[in-house]
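Everything below belongs to work.cif, which stores mmCIF, C-alpha atoms.
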data_query
loop_
_atom_site.label_atom_id
_atom_site.label_comp_id
_atom_site.auth_asym_id
_atom_site.auth_seq_id
_atom_site.Cartn_x
_atom_site.Cartn_y
_atom_site.Cartn_z
CA MET X 1 107.00 -19.24 19.88
CA ASN X 2 108.53 -17.43 16.92
CA ARG X 3 110.45 -20.61 15.96
CA LEU X 4 107.25 -22.68 16.03
CA ALA X 5 105.45 -20.09 13.93
CA ASN X 6 108.29 -20.02 11.40
CA GLU X 7 108.37 -23.83 11.20
CA SER X 8 104.60 -24.00 10.68
CA THR X 9 104.76 -21.38 7.94
CA SER X 10 107.70 -23.17 6.27
CA ARG X 11 105.93 -26.57 6.33
CA SER X 12 102.55 -25.36 5.10
CA PRO X 13 103.53 -25.05 1.36
CA ASP X 14 104.90 -28.63 1.30
CA ALA X 15 101.72 -29.95 2.87
CA GLU X 16 99.63 -28.04 0.34
CA ASP X 17 101.76 -29.43 -2.49
CA GLY X 18 101.26 -32.96 -1.15
CA LYS X 19 97.49 -32.44 -1.03
CA GLU X 20 97.49 -31.09 -4.61
CA VAL X 21 99.51 -34.09 -5.86
CA GLY X 22 97.16 -36.50 -4.09
CA ALA X 23 94.14 -34.75 -5.59
CA LYS X 24 95.69 -34.93 -9.08
CA GLN X 25 96.42 -38.64 -8.69
CA GLU X 26 92.85 -39.31 -7.57
CA GLY X 27 91.53 -37.33 -10.54
CA GLU X 28 93.73 -39.27 -12.96
CA GLU X 29 92.59 -42.58 -11.45
CA ASP X 30 88.95 -41.51 -11.83
CA GLU X 31 89.55 -40.56 -15.49
CA GLU X 32 91.28 -43.90 -16.17
CA SER X 33 88.41 -45.82 -14.58
CA LEU X 34 85.91 -43.88 -16.71
CA GLU X 35 87.93 -44.58 -19.84
CA ARG X 36 88.02 -48.30 -18.98
CA GLU X 37 84.28 -48.36 -18.45
CA ASP X 38 83.60 -46.55 -21.73
CA GLY X 39 86.27 -48.38 -23.77
CA GLU X 40 87.53 -51.92 -24.01
CA ASP X 41 87.92 -54.39 -21.19
CA GLU X 42 90.93 -53.72 -18.94
CA HIS X 43 91.71 -57.45 -18.81
CA ALA X 44 91.79 -57.86 -22.62
CA PRO X 45 95.07 -59.41 -23.89
CA ILE X 46 97.74 -57.18 -25.42
CA LEU X 47 97.65 -57.32 -29.21
CA PRO X 48 100.84 -57.60 -31.29
CA LEU X 49 99.53 -55.28 -34.05
CA SER X 50 99.13 -51.53 -34.27
CA ARG X 51 95.76 -49.80 -34.43
CA ARG X 52 96.10 -49.16 -38.17
CA GLU X 53 96.87 -52.82 -38.86
CA LEU X 54 93.92 -53.93 -36.75
CA GLU X 55 91.56 -51.67 -38.70
CA ARG X 56 92.63 -53.27 -41.99
CA LEU X 57 91.79 -56.81 -40.88
CA HIS X 58 88.69 -58.68 -42.05
CA ARG X 59 86.44 -59.21 -39.04
CA PHE X 60 83.52 -61.63 -39.15
CA PRO X 61 81.48 -62.39 -35.97
CA LEU X 62 80.06 -65.72 -37.17
CA ILE X 63 78.49 -67.11 -33.99
CA THR X 64 76.62 -65.17 -31.30
CA ARG X 65 74.73 -67.24 -28.76
CA ARG X 66 73.38 -67.11 -25.23
CA VAL X 67 75.16 -69.45 -22.81
CA THR X 68 73.93 -70.47 -19.38
CA GLN X 69 75.97 -71.77 -16.43
CA GLN X 70 74.06 -73.67 -13.78
CA THR X 71 75.40 -73.04 -10.26
CA GLY X 72 74.20 -73.78 -6.75
CA LYS X 73 72.80 -70.27 -6.45
CA GLY X 74 71.00 -70.33 -9.78
CA LYS X 75 71.65 -69.78 -13.48
CA ILE X 76 74.25 -67.34 -14.83
CA HIS X 77 73.43 -66.06 -18.31
CA ARG X 78 76.17 -64.69 -20.55
CA ARG X 79 76.80 -63.99 -24.22
CA GLY X 80 79.19 -66.21 -26.20
CA VAL X 81 80.81 -64.90 -29.39
CA LEU X 82 83.07 -66.48 -32.02
CA VAL X 83 84.96 -64.07 -34.29
CA VAL X 84 87.03 -64.90 -37.38
CA VAL X 85 89.84 -62.48 -38.29
CA GLY X 86 92.16 -62.40 -41.32
CA ASN X 87 94.17 -60.03 -43.48
CA GLY X 88 92.99 -61.51 -46.80
CA ASP X 89 96.53 -62.56 -47.69
CA GLY X 90 97.20 -65.86 -45.91
CA LEU X 91 96.77 -64.94 -42.23
CA VAL X 92 93.61 -66.09 -40.47
CA GLY X 93 92.52 -67.03 -36.95
CA TYR X 94 89.47 -67.35 -34.73
CA GLY X 95 88.69 -66.56 -31.12
CA GLU X 96 85.95 -67.34 -28.60
CA ALA X 97 84.91 -65.33 -25.57
CA LYS X 98 82.05 -65.07 -23.06
CA HIS X 99 80.90 -62.05 -21.06
CA ASP X 100 77.80 -60.44 -19.58
CA ASP X 101 78.17 -57.51 -21.98
CA PRO X 102 77.95 -58.51 -25.69
CA THR X 103 80.31 -55.69 -26.70
CA ARG X 104 83.03 -56.82 -24.31
CA ALA X 105 82.55 -60.42 -25.40
CA THR X 106 83.05 -59.39 -29.04
CA ASN X 107 86.16 -57.35 -28.19
CA ARG X 108 87.70 -60.22 -26.24
CA ALA X 109 86.92 -62.70 -29.04
CA PHE X 110 88.50 -60.34 -31.57
CA ALA X 111 91.65 -60.04 -29.44
CA MET X 112 91.93 -63.81 -29.06
CA ALA X 113 91.42 -64.25 -32.82
CA VAL X 114 94.24 -61.80 -33.58
CA ARG X 115 96.57 -63.66 -31.20
CA SER X 116 95.72 -67.03 -32.80
CA MET X 117 96.26 -65.96 -36.42
CA ASP X 118 98.49 -68.32 -38.42
CA TYR X 119 99.68 -68.64 -42.00
CA VAL X 120 97.78 -70.74 -44.58
CA ASP X 121 99.88 -72.27 -47.38
CA ARG X 122 98.16 -71.40 -50.69
CA PHE X 123 98.70 -72.40 -54.31
CA GLU X 124 99.20 -69.30 -56.51
CA ASN X 125 97.86 -67.25 -53.57
CA ARG X 126 94.27 -68.24 -54.48
CA THR X 127 93.51 -71.89 -53.59
CA ILE X 128 94.80 -74.97 -51.74
CA TRP X 129 97.38 -77.38 -53.12
CA THR X 130 95.47 -80.67 -53.11
CA GLU X 131 92.15 -82.12 -52.07
CA MET X 132 91.76 -82.48 -48.31
CA SER X 133 89.23 -84.23 -46.11
CA SER X 134 88.91 -84.47 -42.34
CA LYS X 135 86.43 -85.31 -39.60
CA LEU X 136 85.59 -83.85 -36.20
CA GLY X 137 82.83 -85.53 -34.23
CA ALA X 138 79.92 -86.01 -36.61
CA THR X 139 81.16 -83.32 -39.02
CA ARG X 140 83.17 -84.16 -42.12
CA ILE X 141 84.56 -81.58 -44.58
CA ILE X 142 86.00 -82.11 -48.06
CA LEU X 143 88.00 -79.27 -49.67
CA ARG X 144 88.90 -79.33 -53.37
CA PRO X 145 91.09 -76.86 -55.30
CA ARG X 146 89.48 -75.20 -58.33
CA PRO X 147 90.73 -73.28 -61.41
CA VAL X 148 91.02 -69.50 -61.74
CA GLY X 149 87.69 -67.68 -61.58
CA PHE X 150 85.75 -70.57 -60.02
CA GLY X 151 84.98 -68.67 -56.81
CA LEU X 152 83.96 -70.01 -53.40
CA HIS X 153 81.24 -72.68 -53.64
CA CYS X 154 80.88 -73.84 -50.06
CA ASN X 155 79.08 -73.57 -46.72
CA PRO X 156 78.39 -69.96 -45.58
CA ASN X 157 80.67 -70.27 -42.51
CA ILE X 158 83.44 -71.83 -44.62
CA HIS X 159 82.98 -69.02 -47.14
CA GLN X 160 83.69 -66.33 -44.53
CA VAL X 161 86.76 -68.13 -43.16
CA LEU X 162 88.25 -68.65 -46.64
CA LYS X 163 87.53 -65.04 -47.55
CA ALA X 164 89.42 -63.86 -44.46
CA ALA X 165 92.31 -66.19 -45.37
CA GLY X 166 92.56 -64.87 -48.94
CA ILE X 167 91.47 -68.10 -50.70
CA LYS X 168 89.45 -67.27 -53.84
CA ASP X 169 88.86 -70.53 -55.77
CA ILE X 170 87.70 -73.59 -53.87
CA SER X 171 84.76 -75.95 -53.46
CA ALA X 172 83.80 -77.53 -50.15
CA LYS X 173 81.26 -80.06 -48.99
CA VAL X 174 80.07 -80.61 -45.42
CA TRP X 175 78.79 -84.09 -44.56
CA GLY X 176 76.99 -85.16 -41.41
CA SER X 177 76.49 -82.53 -38.71
CA ARG X 178 76.49 -78.91 -39.92
CA ASN X 179 76.94 -77.42 -36.46
CA PRO X 180 78.65 -74.05 -37.16
CA LEU X 181 81.05 -74.40 -34.21
CA ASN X 182 82.30 -77.82 -35.35
CA VAL X 183 82.52 -76.69 -38.97
CA ILE X 184 84.69 -73.67 -38.13
CA LYS X 185 86.99 -75.55 -35.73
CA LEU X 186 87.48 -78.43 -38.17
CA LEU X 187 88.22 -76.05 -41.03
CA PHE X 188 90.94 -74.30 -39.02
CA ARG X 189 92.48 -77.67 -38.13
CA MET X 190 92.68 -78.40 -41.85
CA LEU X 191 94.05 -75.00 -42.90
CA HIS X 192 96.61 -74.35 -40.16
CA ALA X 193 99.79 -76.34 -40.63
CA GLY X 194 100.56 -76.32 -36.90
CA ASN X 195 98.01 -79.04 -36.19
CA ALA X 196 99.32 -82.60 -36.23
CA PRO X 197 98.08 -84.70 -39.18
CA LEU X 198 95.05 -86.69 -38.18
CA ALA X 199 96.42 -89.98 -39.59
CA MET X 200 99.55 -90.24 -37.44
CA GLY X 201 98.37 -93.31 -35.52
CA ASN X 202 98.55 -93.82 -31.78
CA GLY X 203 102.16 -92.60 -31.37
CA ILE X 204 103.68 -95.99 -30.47
CA GLY X 205 103.67 -97.68 -33.87
CA GLY X 206 100.04 -98.83 -33.89
CA PRO X 207 97.52 -98.00 -36.62
CA GLY X 208 95.31 -95.82 -34.43
CA ARG X 209 91.99 -96.34 -36.17
CA LYS X 210 90.17 -93.69 -34.16
CA LEU X 211 92.76 -91.08 -35.16
CA ASP X 212 92.76 -92.05 -38.84
CA LYS X 213 90.06 -89.59 -39.89
CA GLY X 214 91.76 -87.94 -42.87
CA SER X 215 94.84 -85.89 -43.68
CA GLY X 216 96.02 -82.47 -42.58
CA VAL X 217 97.08 -79.56 -44.75
CA ARG X 218 99.64 -80.40 -47.45
CA GLY X 219 102.10 -77.85 -48.78
CA LYS X 220 104.28 -77.51 -51.84
CA GLN X 221 107.32 -79.35 -50.44
CA GLU X 222 105.31 -82.41 -49.40
CA ILE X 223 103.67 -82.71 -52.82
CA GLU X 224 107.00 -82.32 -54.62
CA ARG X 225 108.52 -85.02 -52.39
CA GLU X 226 105.65 -87.39 -53.16
CA ARG X 227 105.67 -86.83 -56.94
CA GLY X 228 109.44 -86.72 -57.26
CA ARG X 229 109.53 -83.50 -59.28
CA LYS X 230 109.20 -79.76 -58.80
CA LEU X 231 105.95 -77.89 -59.29
CA LEU X 232 105.89 -75.00 -61.75
CA ASN X 233 103.75 -71.91 -61.47
CA LEU X 234 101.58 -71.76 -64.62
CA ARG X 235 100.48 -68.16 -64.05
CA THR X 236 102.73 -65.55 -65.65
CA GLN X 237 101.40 -62.64 -63.60
#

Would you mind writing the file's structure down as structure tokens?
Amino acid sequence: MNRLANESTSRSPDAEDGKEVGAKQEGEEDEESLEREDGEDEHAPILPLSRRELERLHRFPLITRRVTQQTGKGKIHRRGVLVVVGNGDGLVGYGEAKHDDPTRATNRAFAMAVRSMDYVDRFENRTIWTEMSSKLGATRIILRPRPVGFGLHCNPNIHQVLKAAGIKDISAKVWGSRNPLNVIKLLFRMLHAGNAPLAMGNGIGGPGRKLDKGSGVRGKQEIERERGRKLLNLRTQ
């Protein structure tokens, strides 16, 4: 009997410690769940920038709309958001997201925009190199470089994207459909060099008339190769 009593007394502190550890873990899990509910979405993608760098970015929520999904059980209403993000010095991107909560939709769109940011090749860090034109659906955009101090004379959505990209002098014209979604997507296809040029043909040597809708972004090296001479920077500062 004494042995059993001693064993019970010796095991009781370990059991109490185990209960305390379990209670602490449950409390921490509850706090984490509350933080997730109050803060950002737990399934949001991991961003490659620090908090200070994210706060310095230009952030423009250009499109906010109500989207509806028709299912067998009825209609599901959500909020769709398109956000444009840039650092004002050549990096710009956009992201789309949908969610029941508008705040979470905006946060997800911002995260996707940060992950999709890419570099825009600029002339004198203020405008594009040459005139560009392209077409997406019924939307056609023409971009023209302008001299110093000209400003941004263009569509409001194009204005915000160019401002986020750090382009200061440009004129743009939108022909055909002025659907904001098509305008923004087509502009990013023109600015980002990663997109294939739209006049490449069908890939097997044919002309590809349907793909011949304009030209992609042109940089300094391509223009120098075409003209056969180097380009000089006329600005001294």

Expand the PyMOL selection byres ((chain X and resi 64) around 12) into the individual residues it matches in the shown file, reporting them as a PyMOL selection string. chain X and resi 60-63+65-67+78-83+96-99+102-103+105-106+109+180-181

To one decimal in Å, tell me the separation between CA of Ser171 (chain X) and CA of Arg56 (chain X).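 Pair CA of Ser171 (chain X) / CA of Arg56 (chain X) returns 26.6 Å.
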
Neighbours of Thr68 (chain X) within 7 Å (all atoms listed in the file; same-chain residues fewer than 4 positions away dropped), as a VMD selection string? chain X and resid 75 to 78

For the residues selected in the previous step, produce a file with C-alpha atoms as a CSV table (one decimal), in the coordinates of the input.
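To be explicit, this is the file written out as part_24.csv:
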chain,number,residue,atom,x,y,z
X,75,LYS,CA,71.6,-69.8,-13.5
X,76,ILE,CA,74.2,-67.3,-14.8
X,77,HIS,CA,73.4,-66.1,-18.3
X,78,ARG,CA,76.2,-64.7,-20.6

The PyMOL selection byres ((chain X and resi 123) around 10) - which residues does that actually catch in the file I just gave you? List them as a VMD selection string. chain X and resid 120 to 122 124 to 130 145 167 219 to 220 233

With a distance cut-off of 9 Å and all atoms listed in the file, select the neighbouring residues of region 155-158 of chain X, excluding the residue or stretch itself and same-chain residues fewer than 6 positions from it, and output the selection as a VMD selection string. chain X and resid 62 172 to 174 180 183 to 184 187

What separation in Å, quoted to one decimal, exists between CA of Leu136 (chain X) and CA of Leu57 (chain X)?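 That distance, rounded to one decimal, is 28.1 Å.
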
I need the output of the PyMOL selection byres ((chain X and resi 55) around 12) for this file as an MDAnalysis selection string; which residues are they? chainID X and resid 49:54 56:59 85:87 110 114

Just how far from CA of Arg115 (chain X) is CA of Glu131 (chain X), in Å to one decimal?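 That distance, rounded to one decimal, is 28.2 Å.
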
X:Gly72, X:Gly90, X:Pro48, X:Gly137 ranked by distance to Arg178 (chain X), top pick (using only C-alpha atoms):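 Using only C-alpha atoms, the shortest distance to Arg178 (chain X) belongs to X:Gly137.
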
Could you list, as a PyMOL selection string, every residue within 7 Å of Met132 (chain X), counting only C-alpha atoms and ignoring same-chain residues fewer than 2 positions away? chain X and resi 130+134+142-144+215

As a tab-separated table (two decimals), in the coordinates of the input, the rebuilt region 73-86 of chain X with N, CA, C and O atoms:
chain	number	residue	atom	x	y	z
X	73	LYS	N	73.63	-71.43	-6.77
X	73	LYS	CA	72.80	-70.27	-6.45
X	73	LYS	C	71.83	-69.91	-7.57
X	73	LYS	O	71.09	-68.94	-7.44
X	74	GLY	N	71.91	-70.63	-8.68
X	74	GLY	CA	71.00	-70.33	-9.78
X	74	GLY	C	71.73	-70.36	-11.12
X	74	GLY	O	72.84	-70.88	-11.23
X	75	LYS	N	71.09	-69.80	-12.13
X	75	LYS	CA	71.65	-69.78	-13.48
X	75	LYS	C	72.34	-68.45	-13.77
X	75	LYS	O	71.81	-67.39	-13.41
X	76	ILE	N	73.50	-68.53	-14.43
X	76	ILE	CA	74.25	-67.34	-14.83
X	76	ILE	C	74.20	-67.26	-16.35
X	76	ILE	O	74.72	-68.15	-17.04
X	77	HIS	N	73.58	-66.22	-16.87
X	77	HIS	CA	73.43	-66.06	-18.31
X	77	HIS	C	74.51	-65.11	-18.83
X	77	HIS	O	74.74	-64.04	-18.26
X	78	ARG	N	75.16	-65.53	-19.91
X	78	ARG	CA	76.17	-64.69	-20.55
X	78	ARG	C	76.02	-64.79	-22.06
X	78	ARG	O	75.21	-65.56	-22.56
X	79	ARG	N	76.82	-64.01	-22.76
X	79	ARG	CA	76.80	-63.99	-24.22
X	79	ARG	C	78.11	-64.57	-24.74
X	79	ARG	O	79.19	-64.10	-24.39
X	80	GLY	N	78.02	-65.61	-25.57
X	80	GLY	CA	79.19	-66.21	-26.20
X	80	GLY	C	79.33	-65.79	-27.65
X	80	GLY	O	78.35	-65.79	-28.40
X	81	VAL	N	80.55	-65.42	-28.04
X	81	VAL	CA	80.81	-64.90	-29.39
X	81	VAL	C	82.01	-65.61	-29.98
X	81	VAL	O	82.99	-65.88	-29.27
X	82	LEU	N	81.94	-65.95	-31.26
X	82	LEU	CA	83.07	-66.48	-32.02
X	82	LEU	C	83.34	-65.54	-33.18
X	82	LEU	O	82.44	-65.27	-33.99
X	83	VAL	N	84.56	-65.04	-33.27
X	83	VAL	CA	84.96	-64.07	-34.29
X	83	VAL	C	86.09	-64.65	-35.13
X	83	VAL	O	87.03	-65.23	-34.58
X	84	VAL	N	85.98	-64.49	-36.44
X	84	VAL	CA	87.03	-64.90	-37.38
X	84	VAL	C	87.72	-63.64	-37.91
X	84	VAL	O	87.04	-62.69	-38.31
X	85	VAL	N	89.05	-63.64	-37.89
X	85	VAL	CA	89.84	-62.48	-38.29
X	85	VAL	C	90.89	-62.92	-39.30
X	85	VAL	O	91.49	-64.00	-39.16
X	86	GLY	N	91.12	-62.11	-40.32
X	86	GLY	CA	92.16	-62.40	-41.32
X	86	GLY	C	92.54	-61.14	-42.08
X	86	GLY	O	91.78	-60.17	-42.10
